[in-house]
Amino acid sequence: MDSIKVFVPGRLCLFGEHSDWAGKYRLENDAINKGYAIVTGIEEGIEAEIKKASTFKIKNGSKNFECEMNLDKLKEVAGTDPYWCYAAGVAAVLKGKYNVGGIDIDITNVTLPEKKGLSSSAALCVLIARAYSKLYNLNLDIKKEMDIAYLGETQTPSKCGRLDQACAFGKKPILMEFDGDKINYKEIPVGGDFYFVFADLMSHKDTVKILNDLNKSFPFPRCLSDEKVQYCLGALNELNVTLATKLLKEGDSYSLGKLMIKAQKDFDKLVAPNSSELEAPILHNLFNDSKVHEYCYGYKGVGSQGDGSIQFLCKDKESQRKLLDYLTTDLKLNAYSLTFDKTSIIKKAIIPLAGYGTRMFPVTKAIKKAFLPLPDKDGLTKPVLMILLEELYNSGITEFCLVIDEEEKEIYDAFFSDLSKEVYDKLSPEAKKYEDFIRKIGSMVTYAYQKEKLGLGHAVSCAKEFAGNEDVLLVLGDQVYQTNNVTPVSKQLLDYYAKNRNAIVTASLTPLEDVYKYGILTGEISNNANAFSVSKMTEKPDTDFASKYLYTTNDGKKEYYSVFGEYVLTPKVFELLDQNINNGKTEKGEYQITSVLDEIRKTDGLYAFIPDGEMVDVGNSNSYQKAFVKRLGTYPIK
Ligand code: UTP
């Protein structure tokens, strides 16, 4: 395999600094509160080109390092080398756990300032865990990447907390909970636009001293001031973080800014008196700056606090621009913007492929449905799965989770891995290009395993960890889509989602005589819209019943819409699927997704989106044959 590029951002703790290690003291004193923090990846980060090698090699500009991929040697480097310790620490953990081989890491771009409370070391650790996962097919999900990055950093003399590795999530606010040595995390869906700026104060702070001073108040308070520290990092912090989460969800920038100021005041009053490093005169001077007041709703310290970095929440985009300009030009600080916008886009798709494919017997005795051939517009004959992945990739999806039977992993791995050089050299230039694309897509694929074929709903629930509390796309593995315009069907769905963050099913206009074959969606369409709010979902109704009760009115006309096969799932879908599975609530022996979506419809609402395109089903012999002929008609052999 050629090299892969991996980028991992730094992270910013918006609220809840120090609560990660404080929450860990619950192991010794259960009266201590759980820790809570809101953490986000930033735009700046570390980028590297990485490939397999026989040794452990790392290079950053003119500095480089190489050693044998030997556990004792790596541990020694992790414990002693001030510069390469982090990388070696993670490699040591992976060598110990998975007996991985060597790696060649070329750090090509670092836009992240080091030692400024933005966790450049954690970003490097996550980057190495991710690179190993991709190169050696370890299939680490984000939580596992974070665990390995953390364990890697604990091999070094640095005392990192569990909060730092949240950079693995990328630029989105994550609510983290720290309970003893357990962590939980949840993405916070942002309900409005938030314009942050953060800046390096170009001063100095001694993080080790801050941590040593504050740790003295744990696990058992010795005096009133220890109690104040525990209260501020515990119960009071929980209140602040809970409120901040609510305000982010509601899109209330003004109140969030005021809460930042309050959280800083709490910290200054209750925690700062315990460490001289927290007097932070430069930070506090900026809090009083009139320009800051003009452009911002709020401001507070960053990371361990002290005179390291500062964060601001600006009033709007224009104020963000003006503040950046003021900080960099007038105050000569390094300042960066961080914007959360409401329309954050889905990047993940789940593709269930574990079904047996009885309707396509006997070909499925020899080949997985996913690898059935279909002609494509570029003249190549492709496996159905690649046509689907290509469509999703062209729609902006960058993480794919294939739900498969574990025994079939080899088949998929073989497909996504290198061709022998001998065969590759024989390929035509177009085929070579496509083979490179297959490998690129392969680096974005992870697997979830379905142990028993218990239905689509069950298959989806197997990808719960991958979804990780985010809205995700669900695409059935035995369909492909054909757009009627230039925008892929999946992109049309994602564009609709950007404006309507909700659970969504795609819908297709269906003749009344065919409704008995499908799940039917009922609603009301006005003004020729391409979407409607679903008022009823009915599985395979009979024609008479449908004509009386299940039509959708479209400007007075009666129409019938069936489920098309592509969905946006919210985290609640996974919760409800789990409940059904735990209660053994099957339908005809299988766990289904339709009943769960109907539940969501009742509580949160469900939208039907009608794409300008067609779904081509390859799941049964008749439709596959039609699909093949139809695509040959649409994309004739050159
Ligand atoms: P289907 O309903 O077409 O089931 O699943 P199937 O097993 O593939 O095919 P038949 O009905 O036996 O012919 C729709 C999608 O959900 C996946 C399938 O692989 C297909 O992509 N699926 C279904 C699973 O991953 N696991 C299951 O338990 C059921």
# chains A, B, ... in the order shown; residues from 1 in each chain; ligands from 1
$ residues_near_ligand --ligand "ligand 1" --cutoff "6 Å" --atoms "only C-alpha atoms and all ligand atoms" --output "list in words"
Pro352, Leu353, Ala354, Gly355, Tyr356, Gly357, Thr358, Arg359, Met360, Val403, Lys453, Leu454, Gly455, Leu456, Ala459, Leu476, Gly477, Asp478 and Gly619 of chain A
$ residues_around --residues "region 385-390 of chain A" --least-positions-apart "6" --cutoff "7 Å" --atoms "only C-alpha atoms" --output "ChimeraX atom specification"
/A:370-371,477,480
$ atom_distance --atom1 "CA of Gln592 (chain A)" --atom2 "CA of Ser623 (chain A)"
22.4 Å
$ residues_around --residues "Met537 (chain A)" --least-positions-apart "4" --cutoff "7 Å" --atoms "only C-alpha atoms" --output "PyMOL selection string"
chain A and resi 519-522+598
$ closest_residue --among "A:Tyr549, A:Tyr567, A:Tyr393, A:Tyr496" --to "Val460 (chain A)" --atoms "only C-alpha atoms"
A:Tyr567
$ residues_around --residues "Ile441 (chain A)" --least-positions-apart "4" --cutoff "8 Å" --atoms "only C-alpha atoms" --output "ChimeraX atom specification"
/A:389,416,437,445
$ atom_distance --atom1 "CA of Val616 (chain A)" --atom2 "CA of Ala366 (chain A)"
22.2 Å
$ residues_around --residues "Val302 (chain A)" --least-positions-apart "4" --cutoff "12 Å" --atoms "only C-alpha atoms" --output "PyMOL selection string"
chain A and resi 11-18+38-39+115-119+197-201+205+207+260+263-264+267+278+280+283+306-312
$ closest_residue --among "A:Glu187, A:Glu49, A:Glu318, A:Glu250" --to "Gly170 (chain A)" --atoms "only C-alpha atoms"
A:Glu187
$ closest_residue --among "A:Lys377, A:Lys134, A:Arg222, A:Arg439" --to "Gly633 (chain A)" --atoms "only C-alpha atoms"
A:Lys377
